[in-house]
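Data from target-v4.cif: mmCIF, C-alpha atoms
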```
data_query
#
loop_
_atom_site.label_atom_id
_atom_site.label_comp_id
_atom_site.auth_asym_id
_atom_site.auth_seq_id
_atom_site.Cartn_x
_atom_site.Cartn_y
_atom_site.Cartn_z
CA MET A 4 -37.75 -139.67 82.05
CA GLY A 5 -39.39 -142.16 79.69
CA ALA A 6 -43.09 -142.84 80.05
CA GLU A 7 -43.96 -145.70 82.34
CA ILE A 8 -45.66 -148.42 80.28
CA PHE A 9 -47.50 -151.59 81.13
CA ALA A 10 -48.96 -154.52 79.22
CA LEU A 11 -52.56 -154.06 80.43
CA ARG A 12 -55.80 -154.27 78.49
CA GLY A 13 -58.36 -151.60 77.73
CA SER A 14 -56.21 -148.47 77.98
CA PRO A 15 -54.46 -146.12 75.51
CA ARG A 16 -51.48 -147.79 73.93
CA PHE A 17 -48.19 -146.87 72.36
CA ASN A 18 -46.63 -149.56 70.17
CA GLY A 19 -48.77 -152.16 71.92
CA TRP A 20 -47.89 -151.06 75.45
CA VAL A 21 -50.22 -149.27 77.84
CA ILE A 22 -49.03 -145.83 78.90
CA ALA A 23 -49.37 -145.18 82.64
CA LYS A 24 -51.39 -142.16 83.72
CA ARG A 25 -49.43 -139.65 85.78
CA VAL A 26 -50.29 -137.91 89.05
CA ILE A 27 -48.60 -134.52 89.35
CA PRO A 28 -48.67 -132.16 92.33
CA CYS A 29 -48.35 -128.46 91.48
CA LEU A 30 -46.60 -125.88 93.62
CA ASP A 31 -47.48 -122.21 93.11
CA VAL A 32 -44.44 -120.32 94.34
CA HIS A 33 -44.74 -116.69 95.49
CA ASP A 34 -41.62 -115.02 96.87
CA GLY A 35 -40.02 -118.40 97.51
CA LYS A 36 -42.98 -119.88 99.40
CA VAL A 37 -45.74 -122.18 98.19
CA THR A 38 -49.11 -120.46 98.23
CA ARG A 39 -52.62 -121.40 97.24
CA GLY A 40 -55.60 -119.22 96.35
CA VAL A 41 -59.11 -120.09 95.24
CA GLN A 42 -59.03 -118.38 91.87
CA PHE A 43 -56.60 -116.88 89.37
CA GLY A 44 -54.89 -113.53 89.81
CA LYS A 45 -55.07 -113.20 93.58
CA ALA A 46 -51.38 -112.90 94.43
CA GLU A 47 -51.34 -109.13 94.14
CA ALA A 48 -54.45 -108.82 96.29
CA GLY A 49 -52.88 -110.81 99.11
CA GLU A 50 -55.56 -113.47 98.84
CA LEU A 51 -53.20 -116.41 99.17
CA LYS A 52 -52.57 -118.98 101.88
CA ASN A 53 -48.94 -119.75 102.73
CA VAL A 54 -48.60 -123.51 102.37
CA GLY A 55 -44.91 -123.95 103.13
CA ASP A 56 -41.42 -124.42 101.73
CA PRO A 57 -41.42 -125.64 98.12
CA VAL A 58 -38.45 -127.98 98.52
CA ALA A 59 -39.88 -129.58 101.66
CA LEU A 60 -43.19 -130.14 99.86
CA ALA A 61 -41.43 -131.51 96.79
CA MET A 62 -39.59 -133.99 98.97
CA ARG A 63 -42.86 -135.06 100.58
CA TYR A 64 -44.49 -135.68 97.21
CA ASN A 65 -41.39 -137.43 95.93
CA GLU A 66 -41.68 -139.86 98.86
CA GLN A 67 -45.40 -140.32 98.15
CA GLY A 68 -44.63 -141.48 94.62
CA ALA A 69 -45.49 -138.44 92.52
CA ASP A 70 -44.68 -139.01 88.85
CA GLU A 71 -43.59 -135.42 88.32
CA MET A 72 -43.61 -132.05 90.08
CA VAL A 73 -44.61 -128.70 88.63
CA PHE A 74 -43.38 -125.39 90.02
CA PHE A 75 -45.13 -122.20 88.87
CA ASP A 76 -43.50 -118.92 89.81
CA ILE A 77 -46.75 -116.95 89.96
CA THR A 78 -45.10 -113.57 90.45
CA ALA A 79 -41.95 -114.10 88.38
CA SER A 80 -42.35 -111.00 86.24
CA ALA A 81 -42.34 -108.69 89.25
CA HIS A 82 -39.78 -110.42 91.44
CA GLY A 83 -37.19 -111.86 89.12
CA ARG A 84 -35.97 -115.39 88.69
CA ALA A 85 -33.18 -115.82 91.22
CA THR A 86 -35.41 -117.24 93.96
CA MET A 87 -36.92 -119.85 91.64
CA VAL A 88 -33.50 -120.90 90.36
CA ASP A 89 -32.52 -121.59 93.96
CA VAL A 90 -35.72 -123.57 94.56
CA ILE A 91 -35.16 -125.74 91.47
CA GLU A 92 -31.51 -126.35 92.33
CA ARG A 93 -32.40 -127.50 95.85
CA ALA A 94 -35.35 -129.62 94.71
CA ALA A 95 -33.30 -131.29 91.97
CA ASN A 96 -30.70 -132.26 94.56
CA GLU A 97 -33.30 -133.91 96.79
CA CYS A 98 -35.88 -135.40 94.39
CA PHE A 99 -35.67 -138.07 91.72
CA MET A 100 -38.88 -137.30 89.81
CA PRO A 101 -38.93 -134.99 86.76
CA LEU A 102 -39.35 -131.30 87.58
CA THR A 103 -41.25 -128.80 85.44
CA VAL A 104 -40.92 -125.07 85.99
CA GLY A 105 -42.96 -122.20 84.58
CA GLY A 106 -43.64 -118.53 85.16
CA GLY A 107 -41.93 -115.53 83.61
CA ILE A 108 -39.92 -117.58 81.09
CA LYS A 109 -39.72 -115.39 78.01
CA SER A 110 -36.74 -116.60 76.00
CA VAL A 111 -34.67 -119.64 75.10
CA ASP A 112 -31.99 -118.26 77.42
CA ASP A 113 -34.51 -118.25 80.28
CA MET A 114 -35.30 -121.88 79.48
CA TYR A 115 -31.62 -122.75 79.57
CA THR A 116 -31.24 -121.09 82.97
CA MET A 117 -33.95 -123.29 84.46
CA LEU A 118 -32.80 -126.48 82.73
CA ARG A 119 -29.27 -125.85 83.95
CA ALA A 120 -30.64 -125.38 87.48
CA GLY A 121 -32.10 -128.89 87.32
CA ALA A 122 -35.51 -128.63 85.67
CA ASP A 123 -36.46 -131.36 83.20
CA LYS A 124 -39.25 -129.47 81.44
CA ILE A 125 -40.12 -125.84 80.83
CA SER A 126 -43.71 -124.61 80.92
CA ILE A 127 -44.63 -121.50 78.97
CA ASN A 128 -47.99 -119.75 78.73
CA SER A 129 -48.31 -115.99 78.18
CA SER A 130 -44.86 -115.82 76.57
CA ALA A 131 -45.87 -118.47 74.03
CA LEU A 132 -49.01 -116.49 73.21
CA ALA A 133 -46.96 -113.32 72.75
CA ASP A 134 -44.35 -115.11 70.64
CA PRO A 135 -45.44 -118.54 69.32
CA GLY A 136 -41.99 -118.91 67.80
CA LEU A 137 -40.67 -119.41 71.33
CA ILE A 138 -42.25 -122.88 71.29
CA ARG A 139 -40.34 -123.86 68.17
CA GLY A 140 -37.15 -122.21 69.38
CA GLY A 141 -37.22 -124.15 72.64
CA ALA A 142 -38.10 -127.42 70.93
CA GLU A 143 -35.30 -127.05 68.40
CA LYS A 144 -32.75 -126.20 71.08
CA PHE A 145 -33.71 -128.65 73.83
CA GLY A 146 -36.15 -131.12 72.26
CA SER A 147 -39.95 -131.20 72.29
CA GLN A 148 -39.92 -133.38 75.41
CA CYS A 149 -38.69 -130.34 77.35
CA ILE A 150 -41.34 -127.89 76.16
CA VAL A 151 -44.75 -127.74 77.85
CA VAL A 152 -47.39 -125.23 76.77
CA SER A 153 -49.82 -124.34 79.53
CA ILE A 154 -53.24 -123.12 78.43
CA ASP A 155 -55.66 -121.25 80.70
CA ALA A 156 -59.09 -121.73 79.15
CA LYS A 157 -62.43 -120.20 80.10
CA LYS A 158 -65.85 -121.13 78.74
CA VAL A 159 -67.21 -118.00 77.06
CA ALA A 160 -70.18 -119.44 75.15
CA PRO A 161 -71.85 -122.79 74.60
CA GLU A 162 -69.25 -125.10 73.05
CA LYS A 163 -66.58 -122.37 73.04
CA TRP A 164 -63.55 -121.97 75.29
CA GLU A 165 -61.26 -118.95 75.00
CA VAL A 166 -57.58 -118.76 75.93
CA PHE A 167 -56.65 -116.20 78.59
CA SER A 168 -53.17 -114.92 79.38
CA HIS A 169 -51.50 -113.19 82.32
CA GLY A 170 -52.77 -115.58 84.96
CA GLY A 171 -56.26 -115.72 83.53
CA ARG A 172 -56.77 -111.94 83.54
CA LYS A 173 -56.47 -111.07 79.85
CA ALA A 174 -58.65 -112.42 77.05
CA THR A 175 -56.75 -113.32 73.88
CA GLY A 176 -59.60 -114.04 71.47
CA LEU A 177 -58.01 -117.41 70.67
CA ASP A 178 -60.00 -120.63 70.62
CA ALA A 179 -58.50 -123.05 73.14
CA ILE A 180 -58.67 -126.10 70.87
CA GLU A 181 -57.08 -124.29 67.93
CA TRP A 182 -54.31 -122.88 70.11
CA ALA A 183 -53.55 -126.33 71.54
CA LYS A 184 -53.27 -127.75 68.02
CA LYS A 185 -50.99 -124.91 66.92
CA ALA A 186 -48.78 -125.30 70.00
CA ALA A 187 -48.33 -129.00 69.28
CA LEU A 188 -47.51 -128.32 65.64
CA LEU A 189 -44.89 -125.76 66.70
CA GLY A 190 -43.14 -128.39 68.82
CA ALA A 191 -44.74 -128.51 72.26
CA GLY A 192 -44.27 -131.99 73.69
CA GLU A 193 -47.10 -131.64 76.19
CA ILE A 194 -50.15 -129.48 76.89
CA VAL A 195 -51.29 -128.52 80.38
CA LEU A 196 -54.94 -127.53 80.18
CA ASN A 197 -56.22 -125.48 83.08
CA SER A 198 -59.88 -124.57 83.45
CA ILE A 199 -60.17 -121.04 84.81
CA ASP A 200 -63.77 -121.71 85.79
CA ALA A 201 -62.90 -124.80 87.84
CA ASP A 202 -59.47 -123.84 89.21
CA GLY A 203 -59.31 -124.06 92.99
CA THR A 204 -63.01 -124.81 93.39
CA LYS A 205 -62.60 -128.58 94.03
CA ALA A 206 -65.81 -129.06 92.03
CA GLY A 207 -64.35 -131.25 89.30
CA PHE A 208 -62.46 -130.83 86.04
CA ASP A 209 -64.00 -129.48 82.84
CA LEU A 210 -64.36 -132.84 81.15
CA VAL A 211 -65.67 -131.54 77.83
CA ILE A 212 -62.81 -129.22 76.86
CA THR A 213 -60.26 -131.67 78.26
CA ARG A 214 -61.57 -134.43 76.03
CA ARG A 215 -61.79 -132.21 72.96
CA ILE A 216 -58.22 -131.05 73.27
CA SER A 217 -56.99 -134.56 74.14
CA GLU A 218 -58.61 -135.85 70.96
CA SER A 219 -57.29 -132.95 68.86
CA VAL A 220 -53.55 -133.12 69.58
CA GLY A 221 -51.01 -135.89 69.27
CA VAL A 222 -49.15 -135.05 72.47
CA PRO A 223 -50.00 -135.78 76.12
CA VAL A 224 -52.56 -133.54 77.82
CA VAL A 225 -52.36 -132.81 81.55
CA ALA A 226 -55.69 -131.87 83.14
CA SER A 227 -55.59 -129.06 85.69
CA GLY A 228 -58.17 -127.11 87.63
CA GLY A 229 -60.96 -128.49 89.78
CA ALA A 230 -59.64 -131.58 91.55
CA GLY A 231 -61.61 -132.15 94.73
CA THR A 232 -62.26 -135.87 95.01
CA LEU A 233 -60.68 -139.10 93.91
CA GLU A 234 -63.61 -139.59 91.56
CA HIS A 235 -62.75 -136.31 89.81
CA MET A 236 -59.29 -137.67 89.05
CA ALA A 237 -60.65 -140.87 87.53
CA GLU A 238 -63.30 -139.01 85.52
CA VAL A 239 -60.87 -136.69 83.77
CA LEU A 240 -58.56 -139.57 82.88
CA LEU A 241 -61.39 -141.75 81.58
CA GLU A 242 -64.05 -139.36 80.23
CA GLY A 243 -61.70 -136.44 79.61
CA ARG A 244 -59.08 -138.73 78.06
CA ALA A 245 -56.30 -136.84 79.81
CA ASP A 246 -52.87 -138.41 80.12
CA ALA A 247 -52.18 -136.98 83.57
CA VAL A 248 -53.84 -135.11 86.42
CA LEU A 249 -52.37 -132.08 88.12
CA ALA A 250 -53.59 -130.86 91.50
CA ALA A 251 -52.55 -128.55 94.31
CA SER A 252 -54.96 -127.94 97.19
CA ILE A 253 -56.01 -131.54 97.79
CA PHE A 254 -52.37 -132.49 98.27
CA HIS A 255 -51.13 -129.40 100.12
CA PHE A 256 -53.88 -129.46 102.75
CA GLY A 257 -53.72 -133.21 103.31
CA THR A 258 -57.07 -134.20 101.82
CA TYR A 259 -55.34 -136.97 99.89
CA THR A 260 -51.82 -138.19 99.35
CA VAL A 261 -50.43 -139.02 95.94
CA GLY A 262 -50.56 -142.65 97.03
CA ASP A 263 -54.28 -142.35 97.84
CA VAL A 264 -54.95 -141.11 94.32
CA LYS A 265 -52.90 -143.84 92.67
CA GLN A 266 -54.47 -146.63 94.72
CA PHE A 267 -57.94 -145.37 93.81
CA LEU A 268 -57.08 -145.09 90.12
CA ALA A 269 -55.62 -148.59 90.13
CA LYS A 270 -58.88 -149.93 91.58
CA GLN A 271 -60.68 -148.28 88.65
CA LYS A 272 -58.42 -150.25 86.29
CA ILE A 273 -56.57 -147.09 85.30
CA PRO A 274 -52.87 -147.89 84.74
CA VAL A 275 -50.59 -146.01 87.14
CA ARG A 276 -47.06 -146.48 88.42
CA LEU A 277 -47.37 -147.78 91.99
#
```
Write out the structure in this file as structure tokens.
Amino acid sequence: MGAEIFALRGSPRFNGWVIAKRVIPCLDVHDGKVTRGVQFGKAEAGELKNVGDPVALAMRYNEQGADEMVFFDITASAHGRATMVDVIERAANECFMPLTVGGGIKSVDDMYTMLRAGADKISINSSALADPGLIRGGAEKFGSQCIVVSIDAKKVAPEKWEVFSHGGRKATGLDAIEWAKKAALLGAGEIVLNSIDADGTKAGFDLVITRRISESVGVPVVASGGAGTLEHMAEVLLEGRADAVLAASIFHFGTYTVGDVKQFLAKQKIPVRL
């Protein structure tokens, strides 16, 4: 699970080696099926498209060369965890890329359940906001490399982004940059930054907040929310200084393959694992 590194010029380095940028498909799982909506919080309203079986999609993206795969159980609190455990177990048996799972994980025991099922990383969001000590507890038990803090941020004023919880429905009053810094200090090994404003719109990432958080924390930042074109992917890696791009709709509906994205990024002199 080590970072892919290359001896190329002009890119972020670690001990003299260039760190490859990652391309990560995201699967929103609802009742055991992958779904996709346009905006946050639509599962309960039935405003979701059924995309398919999560394991079949994971296998497809594994074959396309995805660097990692993220599974979000978007209705975990209401429906329990058994279905997602089954999904992770089956995906881990078929795929060789690292798997991240999030949604409804509220304790170190919950983390252990998913890691034992085959996940490589655990993503926490609302539970970390409710109990920041969960970040430290997970990092101490399993290592920081296993703990991902996902942040749903919404622009609420000029130059100000607020953190929202519960799938983007509940304002927390927290500044997104400050929360990212605190999460990293508590032991998060990675930050996934999702723009509520851009999510699902295919209109491009929020480059400003992505760059500010990327420059404020010493851990990798994954940009999420807004991918619509290949140019969007390159922009957030270059201008937003993200370490990875996460996308859903453009992959699920066949707009681009993971390979398409990586070939384009490579042509822009962005280091990727081909």
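One finds CA of Leu132 in chain A at 26.7 Å from CA of Val26 in chain A.
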Surrounding residues of Ala59 in chain A excluding itself and chain neighbours under 4 positions, 10 Å, only C-alpha atoms, as a list in words:
Gly55, Arg63, Tyr64, Asn65, Arg93, Ala94 and Glu97 of chain A
* Sel. within 8 Å of pt (-65.7, -132.0, 87.1), counting all atoms listed in the file, output as a PyMOL selection string -> chain A and resi 201+206-210+229-230+235+238-239
field: Hits from the PyMOL selection byres ((chain A and resi 260-270) around 12), listed as a ChimeraX atom specification
entry: /A:11,23-29,60-61,63-72,230-241,247-259,271-277
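CA of Ser126 in chain A is positioned 6.2 Å from CA of Ile150 in chain A.
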How would you write, as a PDB file with C-alpha atoms, keeping the file's coordinate frame, the residues chosen by the PyMOL selection byres ((chain A and resi 34) around 9) on this structure?
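The resulting file, part-v5.pdb, is reproduced below:
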```
ATOM      1  CA  VAL A  32     -44.440-120.320  94.340  1.00  0.00           C
ATOM      2  CA  HIS A  33     -44.740-116.690  95.490  1.00  0.00           C
ATOM      3  CA  GLY A  35     -40.020-118.400  97.510  1.00  0.00           C
ATOM      4  CA  LYS A  36     -42.980-119.880  99.400  1.00  0.00           C
ATOM      5  CA  VAL A  37     -45.740-122.180  98.190  1.00  0.00           C
ATOM      6  CA  ASP A  76     -43.500-118.920  89.810  1.00  0.00           C
ATOM      7  CA  ILE A  77     -46.750-116.950  89.960  1.00  0.00           C
ATOM      8  CA  THR A  78     -45.100-113.570  90.450  1.00  0.00           C
ATOM      9  CA  ALA A  79     -41.950-114.100  88.380  1.00  0.00           C
ATOM     10  CA  HIS A  82     -39.780-110.420  91.440  1.00  0.00           C
ATOM     11  CA  THR A  86     -35.410-117.240  93.960  1.00  0.00           C
ATOM     12  CA  MET A  87     -36.920-119.850  91.640  1.00  0.00           C
TER      13      MET A  87
END
```
- Message: To test your reading of the syntax: which residues would the PyMOL selection byres ((chain A and resi 108-116) around 12) return for the file shown? Reply as JSON, numbers by chain.
- Response: {"A": [75, 76, 77, 78, 79, 80, 83, 84, 85, 87, 88, 89, 91, 92, 103, 104, 105, 106, 107, 117, 118, 119, 120, 121, 122, 123, 124, 125, 126, 127, 128, 129, 130, 131, 132, 133, 134, 135, 136, 137, 138, 139, 140, 141, 142, 143, 144, 145, 146, 149, 150, 151, 152]}
Protein and nucleic acid residues near (-30.4, -137.9, 87.6) (cut-off 10 Å, only C-alpha atoms) as JSON, numbers by chain:
{"A": [4, 95, 96, 98, 99, 100, 101, 121, 123]}
Between CA of Ala179 in chain A and CA of Ile22 in chain A lies a distance of 25.3 Å
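Closest to Asn197 in chain A among A:Asp31, A:Asp246, A:Asp56, A:Asp155 is A:Asp155, based on only C-alpha atoms.
If all atoms listed in the file are the atoms counted, then among A:Lys173, A:Val220, A:Val225, A:Glu181 the closest residue to Ser153 in chain A is A:Val225.
The neighbours of Lys158 in chain A here are the residues that come within 10 Å of it, using all atoms listed in the file and leaving out any residue fewer than 4 positions away in the same chain; they are Glu162, Lys163, Trp164, Glu165, Val166, Ala179, Ser198, Ile199, Asp200, Asp209 and Ile212 of chain A.
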